[in-house]
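Novice: Below you'll find the structure I mean.
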Amino acid sequence: QSVLTQPPSVSGAPGQGVTISCTGSSSNLGTTYEVHWYRQLPGTAPKLLIYANNNRPSGVPDRFSGSKSGTSASLAITGLQAEDEADYYCQSYDNSLSAWVFGGGTKVTVL
Amino acid sequence: EVQLVESGGGVVQPGGSLRLSCIASGFTFDDYAMHWVRQAPGKGLEWVSLISRDGHTTYYADSAKGRITVSRDNSKNSLYLQMDSLRAEDTALYYCAKDVRVGLTTDYLDYWGQGTLVTVSS
């Protein structure tokens, strides 16, 4: 059971958009600690996708955006492409556990 | 170019020990804290441990406390994970990752290695 909760899967047609939620609690997302997102393509290592709630590293297209409010966060992907099929993970820090925490991951399928 | 290369994984019997290594290049190693994160087959990411830049401060997930020890040798740009009393549930791909901390509330993992596989089985 992950500290941060994500839906196991979401799907959308090419060109459409999807949103992945990440729900936490008062000791992680409900604090000032920020949320970060990682994308893991099949058979590869995770890669940073969004940092500090809504910032994109160099090279990440603006089709990806993040937000955080209260004890929840979300990752939005617009203009879905086949290459977006991957697992997506949210991450933050939990000050009750004194631990870095991940969501359980969400598999994005492009129909 | 930042590179993180893990090694040391393998098959070990329950109760056995293993030492994982991660060699870093492309950045000033002793300027950054480092993480270990693992991923059981077909499962999600699980944070394991963090070690501070100077190696003097360490943090562990509850699942790792008492059995796993993180260390580093800045002179060799190397990170280590000593795993003892291994259990079947420790079977996973173990990644090392570089930490980025900005201020008090921004802390994420910006580069990851390709991982080394640990299999605990009799």
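So you can find residues: chains in the structure tokens are A, B, ... in the order shown, residues in each start at 1, and ligands are numbered from 1 in order.
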Could you give me, as a Markdown table, a per-residue list for chain A showing, wherever an atom lies at most 10 Å from an atom of chain B, the closest pair of atoms and their distance in Å to one decimal, using only C-alpha atoms and sorting by chain then residue number from low to high?

Specialist:
```
| residue | atom | partner | partner_atom | distance |
| --- | --- | --- | --- | --- |
| A:Ser2 | CA | B:Glu46 | CA | 8.5 |
| A:Thr31 | CA | B:Thr105 | CA | 8.8 |
| A:Thr32 | CA | B:Thr105 | CA | 6.1 |
| A:Tyr33 | CA | B:Thr105 | CA | 4.4 |
| A:Glu34 | CA | B:Thr106 | CA | 5.8 |
| A:Val35 | CA | B:Thr106 | CA | 8.2 |
| A:His36 | CA | B:Tyr108 | CA | 6.7 |
| A:Trp37 | CA | B:Tyr108 | CA | 9.1 |
| A:Tyr38 | CA | B:Leu109 | CA | 9.0 |
| A:Gly43 | CA | B:Gln114 | CA | 9.5 |
| A:Thr44 | CA | B:Gln114 | CA | 7.0 |
| A:Ala45 | CA | B:Gln114 | CA | 5.4 |
| A:Pro46 | CA | B:Trp112 | CA | 6.8 |
| A:Lys47 | CA | B:Tyr111 | CA | 6.9 |
| A:Leu48 | CA | B:Asp110 | CA | 5.6 |
| A:Leu49 | CA | B:Asp110 | CA | 9.0 |
| A:Ile50 | CA | B:Tyr108 | CA | 9.7 |
| A:Tyr51 | CA | B:Tyr108 | CA | 7.0 |
| A:Ala52 | CA | B:Thr106 | CA | 6.1 |
| A:Asn53 | CA | B:Thr106 | CA | 9.2 |
| A:Pro57 | CA | B:Asp110 | CA | 9.0 |
| A:Asp87 | CA | B:Gly44 | CA | 8.9 |
| A:Tyr88 | CA | B:Gly44 | CA | 9.6 |
| A:Tyr89 | CA | B:Leu45 | CA | 7.9 |
| A:Cys90 | CA | B:Leu45 | CA | 9.8 |
| A:Gln91 | CA | B:Tyr108 | CA | 7.7 |
| A:Ser92 | CA | B:Asp107 | CA | 7.6 |
| A:Tyr93 | CA | B:Asp107 | CA | 7.6 |
| A:Leu97 | CA | B:Ala61 | CA | 8.3 |
| A:Ser98 | CA | B:Tyr59 | CA | 7.6 |
| A:Ala99 | CA | B:Ala61 | CA | 6.4 |
| A:Trp100 | CA | B:Trp47 | CA | 6.2 |
| A:Val101 | CA | B:Trp47 | CA | 6.4 |
| A:Phe102 | CA | B:Leu45 | CA | 6.5 |
| A:Gly103 | CA | B:Leu45 | CA | 7.8 |
| A:Gly104 | CA | B:Gly44 | CA | 5.4 |
| A:Gly105 | CA | B:Gly44 | CA | 5.9 |
| A:Thr106 | CA | B:Gly44 | CA | 9.1 |
```

Novice: Report as a ChimeraX atom specification: the residues of chain B with a DSSP assignment of strand (DSSP E), based on the backbone of this structure.

Specialist: /B:3-7,10-12,18-25,34-39,45-51,58-60,68-73,78-83,92-102,106-112,116-120

Novice: Nearest to Ile68 (chain B): which of B:Ser17, B:Gln3, B:Ser52, B:Ser25 is it, counting only C-alpha atoms?

Specialist: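 With only C-alpha atoms as the atom set, the closest residue is B:Ser17.
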
Novice: Just checking: using only C-alpha atoms, which residue out of B:Glu6, B:Glu1, B:Gln13, B:Ile51 ends up closest to Ser85 (chain B)?

Specialist: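 That would be B:Gln13, the residue with the smallest distance to Ser85 (chain B).
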
Novice: Using only C-alpha atoms, pick whichever of B:Asp73, B:Ala33, B:Tyr80, B:Arg19 has the shortest atom-to-atom distance to Thr57 (chain B).

Specialist: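 With only C-alpha atoms as the atom set, the closest residue is B:Ala33.
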